[in-house]
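S.K.: The structure is given below, and queries will be raised subsequently.
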Amino acid sequence: MKIAMVGSGYVGLVSGACFADFGHDVVCIDKDTTKIERLRQGKMPIYEPGLDALVEGNVKAGRLSFTSDLGEGIKGAQAIFIAVGTPSRRGDGHADLSFVHAVAREVGKCLTNDAVVVTKSTVPVGTGDEVERIIAAGGTPYRFAVVSNPEFLREGAAIGDFKRPDRIVIGAEDDFAREVMREVYRPLFLNESPILFTSRRSSELIKYAANAFLATKITFINEMADLCEKVGADVQDVARGIGMDKRIGGKFLHAGPGYGGSCFPKDTLALLKTAEDFESPVRIVEAVVKANESRKRAMGRKVLDALGGADAARGKKVAMLGLTFKPNTDDMRDSPAIAIAQTLADAGVSIAAYDPEGMEQARPLMPQVTMCDSPYAAIEGADATVIVTEWDAFRALDLARVKCLARAPVLVDLRNIYKPEFVRAAGFEFVSVGRV
Ligand code: UDX
C-alpha cells in the first residue's frame, strides 16, 4: 500500500518510518527543502532514540523516500496523512490550523486517484469537516474520505509507542475509509493492538481529552506533593498507595516541576478554547493550566529557598542538570527549566547548566545560562546543584566529586530520583519534591 505523509516533523517522520517498517511504501513530504535534503542524507531533524537507524534501514530497503513536492509525493497514495504542526495561535491559545488547511487545499488540487485523507495532527473538533469541505472545494473528480487518527506518541519512546500502542483510534464516517484504515494498520491488527473505530468528532476529542486527563493526573500529584511537604508525608508513597487502586492506576503520578513539552501545554489550552466556543466549561482543565503555569516559577523559588532565601541567593551560583522538558529528547518547548532559570536570574543568581541533548535548543531560550560540557563542569563552584530533568546520566552522580567541586553541598532534586537518606548520608543538604 502506498502512504503519503505530509509533514516530516516529529509525528510525521516517526509515523512514516514505522509504516515503512511495516512494509508499506511511504513517501514523507515537507515543504522545508533543507529538511528534505538532510533527510535524504540520513540526517534527522530531531533527536529520537532509534529513529536514524529505522529511517536508514527503510530507505535502503526502498520503502521510504522524501520529497518536497506534494503533488509528486501523493501520486498514487491510497492514504494521505496530514501530520503538520498545529501550534497555539498567538494571543488566544486556539490551535492554529493554517498549515492543516493549506495542505488540504493542495491535496484537493493534486489528487490522482481515490484516497483517504487522514488527519494525524492534533486538531480541534470539527476540523475533519472543514478539511473535507476544503478538499471538495478543489473540485477533485476522485472519491475521497477524511479520517481522524490521532497520535499518542511520547517523545523519547515514540517508536515503541507507535509499534506497540495501547490503542489506535480511528474516526471515520464511511466504510471506504474504514476499509483503507484497516489495511494501513493491518500489521498492528495482527499484533492484536486494540483499534477503536468511532466518529470523526469523537476521535478528535479523544486526543484532547486524553492529554488533558494526563495533565490533570500530573497536576493532581504535584499539588499533593506540596501538601505532603506541609504535613510531613511522602508523595511517592502516596502515589504508590493510590496507584495500586486499579481504577486510578500508578502511571503519570510522578511529582515534579510541572509538565511541559509540545503537547500538554498547547493541547490543554486548545481544549479550553473549544470549551469556551461551545459554552461548555471544563473547569478542572482551567485549574490544571493555571496550577501548572505557576508551579514552574514556584520551583525556581524552591531553589532560592535552598540557597537561603531570595536575599541570600543574590550573587550565588546554581548548576542546573537537565534542561529539556523530559529525558531522551532535545525538545525544550515549555520546559520548566526556562521558568526556573528566569526566576533564578531575576533574583541575581548565576546559572551554569548541562543537558545531554538539549543545550543547542536551550541556548536561545536561556541567554542567562552558561552551557557546560559535563555535569561536573556545571557543578564547579556551585552553591546548589539542581536536577531539573531525570536523564539517566544524573541518576548515579559521583556525590563525593560533586561535594569536592561545588562551593556548597546542596542538592535540589526536582524529579525525586535520589533517596533522601542516601544523599544526606553523603553530607548533603537535600531538597526534593513532596518528601521531607
Ligand atoms: C505526551 C503524551 O504522553 C502523548 O501520548 C501525546 O501524544 C503527546 O504528549 P510527551 O509530551 O512526549 O507525550 O511526554 P510525556 O512523557 O507524556 O510527558 C509530558 C510531561 O509531563 C513532561 O514534562 C513530563 O516530565 C511530565 N510528567 C509526566 C510528569 O511530570 N509526571 C509524570 O508522572 C509524567
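Chain labels run A, B, ... following the order of the C-alpha cells; each chain numbers its residues from 1, and ligands are numbered from 1 in the order shown.
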Using only C-alpha atoms and all ligand atoms, determine which residues fall within 7 Å of ligand 1, then list them as a PyMOL selection string.

M.R.: chain A and resi 151-156+211+215+218+251-264+325-326+335

S.K.: If you run DSSP on the backbone, which residues of segment 173-393 of chain A are helix (DSSP H, G or I), as a short mmCIF file (atom, residue, chain, number, x, y, z; two decimals) with N, CA, C and O atoms, in the first residue's frame?

M.R.:
```cif
data_model
loop_
_atom_site.label_atom_id
_atom_site.label_comp_id
_atom_site.auth_asym_id
_atom_site.auth_seq_id
_atom_site.Cartn_x
_atom_site.Cartn_y
_atom_site.Cartn_z
N ASP A 175 -17.58 3.40 5.12
CA ASP A 175 -16.94 2.09 5.02
C ASP A 175 -15.66 2.12 4.19
O ASP A 175 -14.70 1.43 4.51
N PHE A 176 -15.68 2.91 3.13
CA PHE A 176 -14.48 3.03 2.29
C PHE A 176 -13.29 3.45 3.15
O PHE A 176 -12.20 2.84 3.12
N ALA A 177 -13.50 4.47 3.99
CA ALA A 177 -12.43 4.98 4.85
C ALA A 177 -11.99 3.91 5.86
O ALA A 177 -10.79 3.69 6.06
N ARG A 178 -12.96 3.24 6.46
CA ARG A 178 -12.62 2.22 7.46
C ARG A 178 -11.81 1.09 6.83
O ARG A 178 -10.85 0.60 7.41
N GLU A 179 -12.20 0.72 5.62
CA GLU A 179 -11.51 -0.35 4.89
C GLU A 179 -10.04 0.00 4.66
O GLU A 179 -9.14 -0.79 4.97
N VAL A 180 -9.79 1.20 4.16
CA VAL A 180 -8.42 1.63 3.89
C VAL A 180 -7.61 1.69 5.19
O VAL A 180 -6.47 1.24 5.26
N MET A 181 -8.23 2.22 6.26
CA MET A 181 -7.50 2.36 7.53
C MET A 181 -7.17 1.01 8.13
O MET A 181 -6.14 0.82 8.76
N ARG A 182 -8.07 0.05 7.91
CA ARG A 182 -7.81 -1.31 8.40
C ARG A 182 -6.56 -1.86 7.71
O ARG A 182 -5.72 -2.50 8.33
N GLU A 183 -6.44 -1.57 6.43
CA GLU A 183 -5.29 -2.03 5.65
C GLU A 183 -4.00 -1.32 6.12
O GLU A 183 -2.96 -1.96 6.28
N VAL A 184 -4.13 -0.02 6.39
CA VAL A 184 -2.96 0.75 6.86
C VAL A 184 -2.41 0.14 8.15
O VAL A 184 -1.21 -0.02 8.32
N ARG A 186 -3.07 -2.93 9.36
CA ARG A 186 -3.18 -4.39 9.43
C ARG A 186 -2.04 -5.04 10.24
O ARG A 186 -2.29 -5.91 11.07
N PRO A 187 -0.78 -4.60 10.05
CA PRO A 187 0.29 -5.24 10.82
C PRO A 187 0.05 -5.14 12.33
O PRO A 187 0.44 -6.02 13.09
N LEU A 188 -0.60 -4.07 12.78
CA LEU A 188 -0.87 -3.92 14.22
C LEU A 188 -2.10 -4.72 14.63
O LEU A 188 -2.16 -5.23 15.74
N PHE A 189 -3.05 -4.87 13.73
CA PHE A 189 -4.20 -5.74 14.00
C PHE A 189 -3.66 -7.14 14.31
O PHE A 189 -4.11 -7.80 15.24
N LEU A 190 -2.67 -7.55 13.51
CA LEU A 190 -2.11 -8.89 13.68
C LEU A 190 -1.46 -9.02 15.04
O LEU A 190 -1.44 -10.06 15.65
N ARG A 200 -15.69 10.78 13.57
CA ARG A 200 -14.57 11.69 13.41
C ARG A 200 -14.49 12.68 14.58
O ARG A 200 -13.43 12.93 15.13
N ARG A 201 -15.63 13.21 14.97
CA ARG A 201 -15.62 14.20 16.05
C ARG A 201 -15.20 13.57 17.38
O ARG A 201 -14.48 14.17 18.17
N SER A 202 -15.67 12.35 17.64
CA SER A 202 -15.27 11.70 18.90
C SER A 202 -13.77 11.47 18.90
O SER A 202 -13.10 11.69 19.91
N SER A 203 -13.25 11.04 17.77
CA SER A 203 -11.82 10.77 17.67
C SER A 203 -11.01 12.04 17.93
O SER A 203 -10.01 12.03 18.66
N GLU A 204 -11.46 13.15 17.35
CA GLU A 204 -10.75 14.42 17.55
C GLU A 204 -10.76 14.80 19.02
O GLU A 204 -9.75 15.27 19.57
N LEU A 205 -11.88 14.57 19.68
CA LEU A 205 -11.96 14.95 21.09
C LEU A 205 -11.17 13.99 21.99
O LEU A 205 -10.62 14.40 23.01
N ILE A 206 -11.11 12.71 21.58
CA ILE A 206 -10.38 11.72 22.39
C ILE A 206 -8.95 12.19 22.62
O ILE A 206 -8.41 12.10 23.72
N LYS A 207 -8.32 12.71 21.58
CA LYS A 207 -6.93 13.14 21.72
C LYS A 207 -6.79 14.23 22.80
O LYS A 207 -5.94 14.16 23.68
N TYR A 208 -7.65 15.23 22.73
CA TYR A 208 -7.58 16.33 23.71
C TYR A 208 -7.95 15.85 25.11
O TYR A 208 -7.35 16.26 26.10
N ALA A 209 -8.96 15.00 25.16
CA ALA A 209 -9.40 14.51 26.47
C ALA A 209 -8.30 13.67 27.11
O ALA A 209 -8.05 13.77 28.32
N ALA A 210 -7.61 12.86 26.32
CA ALA A 210 -6.54 12.01 26.86
C ALA A 210 -5.42 12.89 27.42
O ALA A 210 -4.97 12.70 28.56
N ASN A 211 -4.98 13.86 26.63
CA ASN A 211 -3.89 14.70 27.10
C ASN A 211 -4.30 15.56 28.30
O ASN A 211 -3.52 15.76 29.23
N ALA A 212 -5.53 16.05 28.29
CA ALA A 212 -5.99 16.87 29.41
C ALA A 212 -6.09 16.01 30.68
O ALA A 212 -5.75 16.46 31.78
N PHE A 213 -6.52 14.77 30.52
CA PHE A 213 -6.63 13.89 31.69
C PHE A 213 -5.25 13.60 32.27
O PHE A 213 -5.05 13.66 33.49
N LEU A 214 -4.28 13.30 31.39
CA LEU A 214 -2.92 13.02 31.87
C LEU A 214 -2.31 14.26 32.53
O LEU A 214 -1.66 14.16 33.58
N ALA A 215 -2.55 15.43 31.94
CA ALA A 215 -2.04 16.67 32.53
C ALA A 215 -2.68 16.89 33.91
O ALA A 215 -2.03 17.36 34.84
N THR A 216 -3.95 16.49 34.03
CA THR A 216 -4.65 16.63 35.31
C THR A 216 -4.05 15.70 36.36
O THR A 216 -3.85 16.07 37.51
N LYS A 217 -3.76 14.48 35.92
CA LYS A 217 -3.19 13.49 36.84
C LYS A 217 -1.85 14.01 37.39
O LYS A 217 -1.60 13.95 38.60
N ILE A 218 -1.03 14.54 36.50
CA ILE A 218 0.28 15.06 36.92
C ILE A 218 0.09 16.24 37.88
O ILE A 218 0.73 16.33 38.92
N THR A 219 -0.82 17.14 37.52
CA THR A 219 -1.02 18.34 38.34
C THR A 219 -1.59 17.96 39.71
O THR A 219 -1.24 18.55 40.73
N PHE A 220 -2.44 16.95 39.72
CA PHE A 220 -3.01 16.48 40.98
C PHE A 220 -1.90 16.01 41.91
O PHE A 220 -1.81 16.42 43.07
N ILE A 221 -1.01 15.16 41.38
CA ILE A 221 0.04 14.63 42.26
C ILE A 221 1.03 15.74 42.64
O ILE A 221 1.58 15.73 43.74
N ASN A 222 1.20 16.71 41.75
CA ASN A 222 2.10 17.83 42.09
C ASN A 222 1.52 18.63 43.27
O ASN A 222 2.26 19.03 44.17
N GLU A 223 0.22 18.84 43.27
CA GLU A 223 -0.38 19.58 44.39
C GLU A 223 -0.37 18.73 45.66
O GLU A 223 -0.18 19.25 46.76
N MET A 224 -0.54 17.41 45.49
CA MET A 224 -0.42 16.52 46.65
C MET A 224 1.00 16.60 47.21
O MET A 224 1.21 16.54 48.43
N ALA A 225 1.99 16.75 46.31
CA ALA A 225 3.39 16.85 46.76
C ALA A 225 3.58 18.08 47.64
O ALA A 225 4.22 18.01 48.69
N ASP A 226 2.97 19.21 47.23
CA ASP A 226 3.08 20.43 48.04
C ASP A 226 2.47 20.18 49.42
O ASP A 226 3.03 20.59 50.44
N LEU A 227 1.32 19.50 49.41
CA LEU A 227 0.65 19.22 50.68
C LEU A 227 1.50 18.27 51.54
O LEU A 227 1.60 18.45 52.76
N CYS A 228 2.11 17.28 50.89
CA CYS A 228 2.97 16.34 51.61
C CYS A 228 4.09 17.09 52.35
O CYS A 228 4.40 16.78 53.50
N GLU A 229 4.66 18.08 51.67
CA GLU A 229 5.75 18.82 52.31
C GLU A 229 5.26 19.55 53.56
O GLU A 229 5.96 19.64 54.55
N LYS A 230 4.02 20.04 53.49
CA LYS A 230 3.47 20.79 54.64
C LYS A 230 3.11 19.85 55.80
O LYS A 230 3.33 20.19 56.95
N VAL A 231 2.56 18.67 55.46
CA VAL A 231 2.07 17.80 56.54
C VAL A 231 3.07 16.72 56.94
O VAL A 231 2.81 15.93 57.84
N VAL A 235 5.24 11.91 49.07
CA VAL A 235 4.37 11.85 47.89
C VAL A 235 4.58 10.57 47.09
O VAL A 235 3.65 10.09 46.43
N GLN A 236 5.78 10.00 47.15
CA GLN A 236 5.99 8.76 46.38
C GLN A 236 5.17 7.62 46.99
O GLN A 236 4.61 6.79 46.26
N ASP A 237 5.09 7.60 48.31
CA ASP A 237 4.24 6.59 48.95
C ASP A 237 2.76 6.86 48.66
O ASP A 237 1.98 5.94 48.44
N VAL A 238 2.40 8.14 48.68
CA VAL A 238 1.00 8.49 48.39
C VAL A 238 0.65 8.05 46.96
O VAL A 238 -0.39 7.44 46.71
N ALA A 239 1.56 8.32 46.03
CA ALA A 239 1.32 7.93 44.63
C ALA A 239 1.19 6.41 44.51
O ALA A 239 0.30 5.90 43.84
N ARG A 240 2.10 5.70 45.19
CA ARG A 240 2.05 4.24 45.15
C ARG A 240 0.74 3.75 45.76
O ARG A 240 0.07 2.89 45.22
N GLY A 241 0.39 4.35 46.88
CA GLY A 241 -0.80 3.93 47.61
C GLY A 241 -2.09 4.15 46.83
O GLY A 241 -2.99 3.31 46.87
N ILE A 242 -2.16 5.24 46.11
CA ILE A 242 -3.39 5.45 45.32
C ILE A 242 -3.31 4.70 43.98
O ILE A 242 -4.29 4.20 43.47
N GLY A 243 -2.09 4.59 43.45
CA GLY A 243 -1.91 3.96 42.14
C GLY A 243 -2.22 2.48 42.13
O GLY A 243 -2.54 1.90 41.09
N PHE A 264 1.09 18.73 25.99
CA PHE A 264 0.19 19.03 27.11
C PHE A 264 -0.12 20.53 27.23
O PHE A 264 -1.31 20.90 27.33
N PRO A 265 0.90 21.41 27.23
CA PRO A 265 0.57 22.83 27.39
C PRO A 265 -0.32 23.35 26.26
O PRO A 265 -1.31 24.04 26.51
N LYS A 266 0.01 22.99 25.04
CA LYS A 266 -0.73 23.50 23.88
C LYS A 266 -2.13 22.87 23.81
O LYS A 266 -3.13 23.55 23.56
N ASP A 267 -2.21 21.57 24.06
CA ASP A 267 -3.49 20.88 23.89
C ASP A 267 -4.49 21.24 24.99
O ASP A 267 -5.70 21.32 24.75
N THR A 268 -3.99 21.45 26.20
CA THR A 268 -4.92 21.85 27.27
C THR A 268 -5.50 23.23 26.95
O THR A 268 -6.70 23.46 27.12
N LEU A 269 -4.65 24.14 26.45
CA LEU A 269 -5.14 25.48 26.09
C LEU A 269 -6.17 25.40 24.96
O LEU A 269 -7.21 26.06 25.00
N ALA A 270 -5.87 24.57 23.96
CA ALA A 270 -6.80 24.45 22.83
C ALA A 270 -8.13 23.85 23.28
O ALA A 270 -9.20 24.25 22.81
N LEU A 271 -8.07 22.91 24.23
CA LEU A 271 -9.32 22.32 24.73
C LEU A 271 -10.15 23.38 25.45
O LEU A 271 -11.38 23.45 25.32
N LEU A 272 -9.46 24.24 26.20
CA LEU A 272 -10.18 25.33 26.89
C LEU A 272 -10.88 26.23 25.88
O LEU A 272 -12.01 26.68 26.11
N LYS A 273 -10.20 26.48 24.76
CA LYS A 273 -10.80 27.33 23.73
C LYS A 273 -12.04 26.67 23.14
O LYS A 273 -13.08 27.31 22.94
N THR A 274 -11.93 25.38 22.86
CA THR A 274 -13.09 24.66 22.31
C THR A 274 -14.25 24.72 23.31
O THR A 274 -15.40 25.00 22.95
N ALA A 275 -13.91 24.50 24.59
CA ALA A 275 -14.95 24.51 25.62
C ALA A 275 -15.62 25.89 25.68
O ALA A 275 -16.84 25.99 25.83
N GLU A 276 -14.80 26.92 25.54
CA GLU A 276 -15.33 28.29 25.56
C GLU A 276 -16.23 28.52 24.34
O GLU A 276 -17.35 29.03 24.47
N ASP A 277 -15.75 28.11 23.18
CA ASP A 277 -16.53 28.30 21.95
C ASP A 277 -17.90 27.63 22.04
O ASP A 277 -18.89 28.13 21.52
N ARG A 283 -13.84 23.22 33.92
CA ARG A 283 -13.19 23.98 35.00
C ARG A 283 -11.96 23.27 35.53
O ARG A 283 -10.99 23.89 35.97
N ILE A 284 -12.00 21.95 35.51
CA ILE A 284 -10.84 21.19 36.02
C ILE A 284 -9.62 21.52 35.18
O ILE A 284 -8.54 21.78 35.70
N VAL A 285 -9.79 21.52 33.88
CA VAL A 285 -8.64 21.78 33.00
C VAL A 285 -8.17 23.22 33.15
O VAL A 285 -6.97 23.51 33.12
N GLU A 286 -9.12 24.14 33.36
CA GLU A 286 -8.72 25.54 33.62
C GLU A 286 -7.79 25.60 34.83
O GLU A 286 -6.75 26.25 34.80
N ALA A 287 -8.17 24.88 35.88
CA ALA A 287 -7.37 24.91 37.11
C ALA A 287 -6.01 24.25 36.87
O ALA A 287 -4.98 24.71 37.39
N VAL A 288 -6.00 23.19 36.09
CA VAL A 288 -4.76 22.48 35.80
C VAL A 288 -3.77 23.41 35.09
O VAL A 288 -2.59 23.50 35.45
N VAL A 289 -4.26 24.12 34.08
CA VAL A 289 -3.39 25.01 33.30
C VAL A 289 -2.78 26.07 34.23
O VAL A 289 -1.58 26.33 34.21
N LYS A 290 -3.63 26.67 35.08
CA LYS A 290 -3.14 27.71 35.99
C LYS A 290 -2.13 27.15 36.98
O LYS A 290 -1.08 27.73 37.21
N ALA A 291 -2.47 25.99 37.57
CA ALA A 291 -1.60 25.41 38.60
C ALA A 291 -0.25 25.04 37.99
O ALA A 291 0.80 25.27 38.59
N ASN A 292 -0.27 24.50 36.78
CA ASN A 292 1.00 24.08 36.17
C ASN A 292 1.87 25.28 35.83
O ASN A 292 3.08 25.25 35.99
N GLU A 293 1.24 26.34 35.36
CA GLU A 293 1.99 27.53 35.00
C GLU A 293 2.69 28.12 36.22
O GLU A 293 3.87 28.44 36.18
N SER A 294 1.94 28.23 37.32
CA SER A 294 2.56 28.86 38.50
C SER A 294 3.58 27.92 39.14
O SER A 294 4.51 28.36 39.80
N ARG A 295 3.43 26.62 38.92
CA ARG A 295 4.36 25.67 39.52
C ARG A 295 5.80 25.87 39.04
O ARG A 295 6.75 25.73 39.80
N LYS A 296 5.93 26.17 37.74
CA LYS A 296 7.28 26.26 37.20
C LYS A 296 8.10 27.34 37.92
O LYS A 296 9.24 27.12 38.30
N ARG A 297 7.49 28.49 38.15
CA ARG A 297 8.19 29.57 38.87
C ARG A 297 8.37 29.20 40.34
O ARG A 297 9.39 29.51 40.95
N ALA A 298 7.35 28.50 40.88
CA ALA A 298 7.46 28.08 42.28
C ALA A 298 8.67 27.18 42.48
O ALA A 298 9.32 27.20 43.52
N MET A 299 9.01 26.40 41.44
CA MET A 299 10.19 25.54 41.54
C MET A 299 11.47 26.38 41.59
O MET A 299 12.43 26.05 42.27
N GLY A 300 11.45 27.50 40.87
CA GLY A 300 12.59 28.43 40.94
C GLY A 300 12.72 28.97 42.36
O GLY A 300 13.82 29.06 42.91
N ARG A 301 11.57 29.28 42.99
CA ARG A 301 11.61 29.81 44.36
C ARG A 301 12.07 28.74 45.35
O ARG A 301 12.73 29.04 46.34
N LYS A 302 11.76 27.49 45.03
CA LYS A 302 12.22 26.38 45.89
C LYS A 302 13.75 26.34 45.90
O LYS A 302 14.37 26.13 46.94
N VAL A 303 14.33 26.59 44.73
CA VAL A 303 15.80 26.61 44.64
C VAL A 303 16.34 27.81 45.43
O VAL A 303 17.32 27.68 46.17
N LEU A 304 15.67 28.95 45.29
CA LEU A 304 16.11 30.14 46.05
C LEU A 304 16.08 29.84 47.56
O LEU A 304 17.00 30.22 48.29
N ASP A 305 15.02 29.16 48.01
CA ASP A 305 14.94 28.79 49.44
C ASP A 305 16.14 27.94 49.84
O ASP A 305 16.70 28.11 50.93
N ALA A 306 16.51 27.00 48.94
CA ALA A 306 17.64 26.12 49.26
C ALA A 306 18.95 26.91 49.35
O ALA A 306 19.91 26.49 49.98
N ALA A 310 15.66 34.51 48.95
CA ALA A 310 15.94 35.36 47.79
C ALA A 310 17.10 36.34 48.06
O ALA A 310 17.95 36.56 47.19
N ASP A 311 17.15 36.92 49.28
CA ASP A 311 18.20 37.90 49.55
C ASP A 311 19.58 37.25 49.57
O ASP A 311 20.53 37.74 48.96
N ALA A 312 19.64 36.13 50.29
CA ALA A 312 20.93 35.44 50.41
C ALA A 312 21.40 34.88 49.07
O ALA A 312 22.60 34.68 48.85
N ALA A 313 20.44 34.63 48.18
CA ALA A 313 20.77 33.96 46.91
C ALA A 313 21.53 34.88 45.94
O ALA A 313 22.29 34.41 45.10
N PRO A 336 10.01 23.31 32.02
CA PRO A 336 10.05 24.06 33.29
C PRO A 336 11.40 24.73 33.51
O PRO A 336 11.49 25.74 34.20
N ALA A 337 12.45 24.18 32.90
CA ALA A 337 13.80 24.74 33.08
C ALA A 337 13.84 26.23 32.72
O ALA A 337 14.57 27.01 33.33
N ILE A 338 13.03 26.61 31.72
CA ILE A 338 13.07 28.00 31.25
C ILE A 338 12.58 28.95 32.35
O ILE A 338 13.23 29.95 32.68
N ALA A 339 11.45 28.61 32.96
CA ALA A 339 10.90 29.47 34.02
C ALA A 339 11.77 29.43 35.27
O ALA A 339 11.93 30.45 35.96
N ILE A 340 12.34 28.26 35.54
CA ILE A 340 13.21 28.14 36.72
C ILE A 340 14.43 29.05 36.55
O ILE A 340 14.78 29.83 37.44
N ALA A 341 15.05 28.98 35.36
CA ALA A 341 16.24 29.80 35.10
C ALA A 341 15.88 31.29 35.18
O ALA A 341 16.64 32.10 35.73
N GLN A 342 14.71 31.63 34.66
CA GLN A 342 14.28 33.03 34.68
C GLN A 342 14.12 33.53 36.12
O GLN A 342 14.57 34.62 36.48
N THR A 343 13.48 32.71 36.95
CA THR A 343 13.28 33.08 38.36
C THR A 343 14.62 33.28 39.06
O THR A 343 14.81 34.23 39.82
N LEU A 344 15.54 32.36 38.78
CA LEU A 344 16.85 32.45 39.43
C LEU A 344 17.60 33.70 38.94
O LEU A 344 18.17 34.45 39.73
N ALA A 345 17.57 33.90 37.62
CA ALA A 345 18.29 35.06 37.06
C ALA A 345 17.71 36.36 37.60
O ALA A 345 18.45 37.29 37.95
N ASP A 346 16.36 36.42 37.70
CA ASP A 346 15.71 37.62 38.24
C ASP A 346 16.18 37.92 39.66
O ASP A 346 16.18 39.06 40.11
N MET A 359 21.11 21.32 24.80
CA MET A 359 21.74 22.63 25.01
C MET A 359 21.64 23.54 23.78
O MET A 359 21.47 24.75 23.92
N GLU A 360 21.71 22.92 22.60
CA GLU A 360 21.64 23.75 21.39
C GLU A 360 20.28 24.44 21.30
O GLU A 360 20.19 25.64 21.02
N GLN A 361 19.22 23.68 21.58
CA GLN A 361 17.88 24.27 21.55
C GLN A 361 17.68 25.25 22.70
O GLN A 361 16.92 26.21 22.59
N ALA A 362 18.36 24.96 23.83
CA ALA A 362 18.14 25.78 25.03
C ALA A 362 18.81 27.15 24.92
O ALA A 362 18.28 28.14 25.43
N ARG A 363 19.95 27.18 24.25
CA ARG A 363 20.76 28.41 24.23
C ARG A 363 19.95 29.68 23.93
O ARG A 363 19.96 30.61 24.73
N PRO A 364 19.22 29.74 22.82
CA PRO A 364 18.49 30.98 22.53
C PRO A 364 17.36 31.27 23.52
O PRO A 364 16.96 32.43 23.69
N LEU A 365 16.86 30.22 24.20
CA LEU A 365 15.74 30.42 25.13
C LEU A 365 16.22 30.85 26.51
O LEU A 365 15.44 31.34 27.32
N PRO A 375 28.17 17.44 33.48
CA PRO A 375 27.51 17.86 34.73
C PRO A 375 28.51 18.42 35.72
O PRO A 375 28.24 19.41 36.41
N TYR A 376 29.71 17.83 35.75
CA TYR A 376 30.68 18.25 36.75
C TYR A 376 31.24 19.64 36.45
O TYR A 376 31.54 20.41 37.37
N ALA A 377 31.35 19.95 35.16
CA ALA A 377 31.81 21.30 34.80
C ALA A 377 30.80 22.33 35.27
O ALA A 377 31.15 23.41 35.74
N ALA A 378 29.50 21.99 35.17
CA ALA A 378 28.46 22.92 35.62
C ALA A 378 28.48 23.07 37.14
O ALA A 378 28.23 24.16 37.69
N ILE A 379 28.79 21.98 37.83
CA ILE A 379 28.74 21.96 39.30
C ILE A 379 29.90 22.73 39.94
O ILE A 379 29.79 23.23 41.06
N ASP A 392 19.19 9.69 32.56
CA ASP A 392 19.90 8.59 33.23
C ASP A 392 21.27 9.04 33.73
O ASP A 392 21.73 8.60 34.78
N ALA A 393 21.91 9.90 32.95
CA ALA A 393 23.28 10.34 33.28
C ALA A 393 23.36 11.02 34.66
O ALA A 393 24.44 11.16 35.20
#
```

S.K.: Between A:Asp383, A:Glu421, A:Glu390, A:Asp25, which residue has the minimum interatomic distance to Arg407 of chain A, considering only C-alpha atoms?

M.R.: A:Asp383

S.K.: Ranking A:Arg435, A:Pro87, A:Ile135, A:Asp96 by minimum distance to Arg333 of chain A and counting only C-alpha atoms, which one comes first?

M.R.: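 Between A:Arg435, A:Pro87, A:Ile135, A:Asp96, the residue approaching Arg333 of chain A most closely is A:Pro87.
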
S.K.: Check segment 6-140 of chain A with DSSP on the backbone and list each residue it calls strand (DSSP E), as number ranges by chain.

M.R.: A: 6, 25-29, 64-67, 79-82, 115-119

S.K.: Considering only C-alpha atoms, return as a PyMOL selection string whatever protein or nucleic-acid residues lie within 8 Å of Val123 of chain A, sequence-local ones (same chain, fewer than 5 positions apart) excluded.

M.R.: chain A and resi 86+95+97+204

S.K.: Pick out the residues sitting within 8 Å of segment 397-403 of chain A, and hand them over as a count of residues only; count only C-alpha atoms, and ignore anything fewer than 6 positions along from it in its own chain.

M.R.: 7

S.K.: Just give me the gap between atom CA of Pro327 of chain A and atom CA of Ala158 of chain A in Å, one decimal is fine.

M.R.: 12.7 Å

S.K.: Near segment 60-66 of chain A, counting only C-alpha atoms, which residues have an atom at most 7 Å away, once you skip same-chain residues fewer than 3 positions from it, shown as a ChimeraX atom specification?

M.R.: /A:17,20,24-29,36,40,56-57

S.K.: In Å to one decimal, how far is atom CA of Cys372 of chain A from atom CA of Gly315 of chain A?

M.R.: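 According to the coordinates, atom CA of Gly315 of chain A and atom CA of Cys372 of chain A are separated by 19.3 Å.
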
S.K.: Can you pull out the residues contacting segment 145-149 of chain A? Cut-off 7 Å, using only C-alpha atoms, and skip same-chain residues under 5 positions away; I want them as a PDB file with C-alpha atoms, in the first residue's frame.

M.R.:
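Here's the written file out.pdb:
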```pdb
ATOM      1  CA  ALA A 115      -7.772   8.258  -1.424  1.00  0.00           C
ATOM      2  CA  VAL A 116      -8.355   8.583   2.280  1.00  0.00           C
ATOM      3  CA  VAL A 117      -7.017  11.789   3.837  1.00  0.00           C
ATOM      4  CA  VAL A 118      -6.057  11.167   7.444  1.00  0.00           C
ATOM      5  CA  THR A 119      -5.558  13.931   9.990  1.00  0.00           C
ATOM      6  CA  LYS A 120      -2.821  12.888  12.394  1.00  0.00           C
ATOM      7  CA  GLY A 128     -12.211  16.990   9.800  1.00  0.00           C
ATOM      8  CA  GLU A 132     -13.468  17.701   3.840  1.00  0.00           C
ATOM      9  CA  VAL A 169      -8.217   5.474  17.453  1.00  0.00           C
ATOM     10  CA  ILE A 170      -9.833   5.898  14.051  1.00  0.00           C
ATOM     11  CA  GLY A 171     -12.632   8.369  13.474  1.00  0.00           C
ATOM     12  CA  ALA A 172     -14.248   7.624  10.145  1.00  0.00           C
ATOM     13  CA  ALA A 177     -12.431   4.982   4.853  1.00  0.00           C
ATOM     14  CA  ARG A 200     -14.567  11.694  13.411  1.00  0.00           C
ATOM     15  CA  SER A 203     -11.816  10.767  17.675  1.00  0.00           C
ATOM     16  CA  GLU A 204     -10.754  14.425  17.549  1.00  0.00           C
TER      17      GLU A 204
END
```

S.K.: What does the structure give for the distance between atom CA of Thr140 of chain A and atom CA of Ser98 of chain A, in Å to one decimal?

M.R.: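 Value for the atom CA of Thr140 of chain A-atom CA of Ser98 of chain A distance: 21.0 Å.
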
S.K.: When you count only C-alpha atoms, which of these residues is closest to Leu13 of chain A: A:Glu106, A:Ala83, A:Met1, A:Val131?

M.R.: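 Residue with the minimum atom-to-atom distance to Leu13 of chain A: A:Ala83.
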
S.K.: Find, counting only C-alpha atoms, the residue in A:Ser68, A:Thr329, A:Asn191, A:Thr33 that gets nearest to Ile46 of chain A.

M.R.: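 Closest residue, counting only C-alpha atoms: A:Thr329.
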
S.K.: Taking only C-alpha atoms into account, which of A:Val369, A:Leu405, A:Val318, A:Val436 comes nearest Ala384 of chain A?

M.R.: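 Looking at the shortest contact to Ala384 of chain A, the residue is A:Val318.
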
S.K.: Using only C-alpha atoms, determine which residues lie at most 8 Å from Tyr142 of chain A, disregarding the query and same-chain residues fewer than 2 positions distant; provide the list as a PyMOL selection string.

M.R.: chain A and resi 111-115+140+144
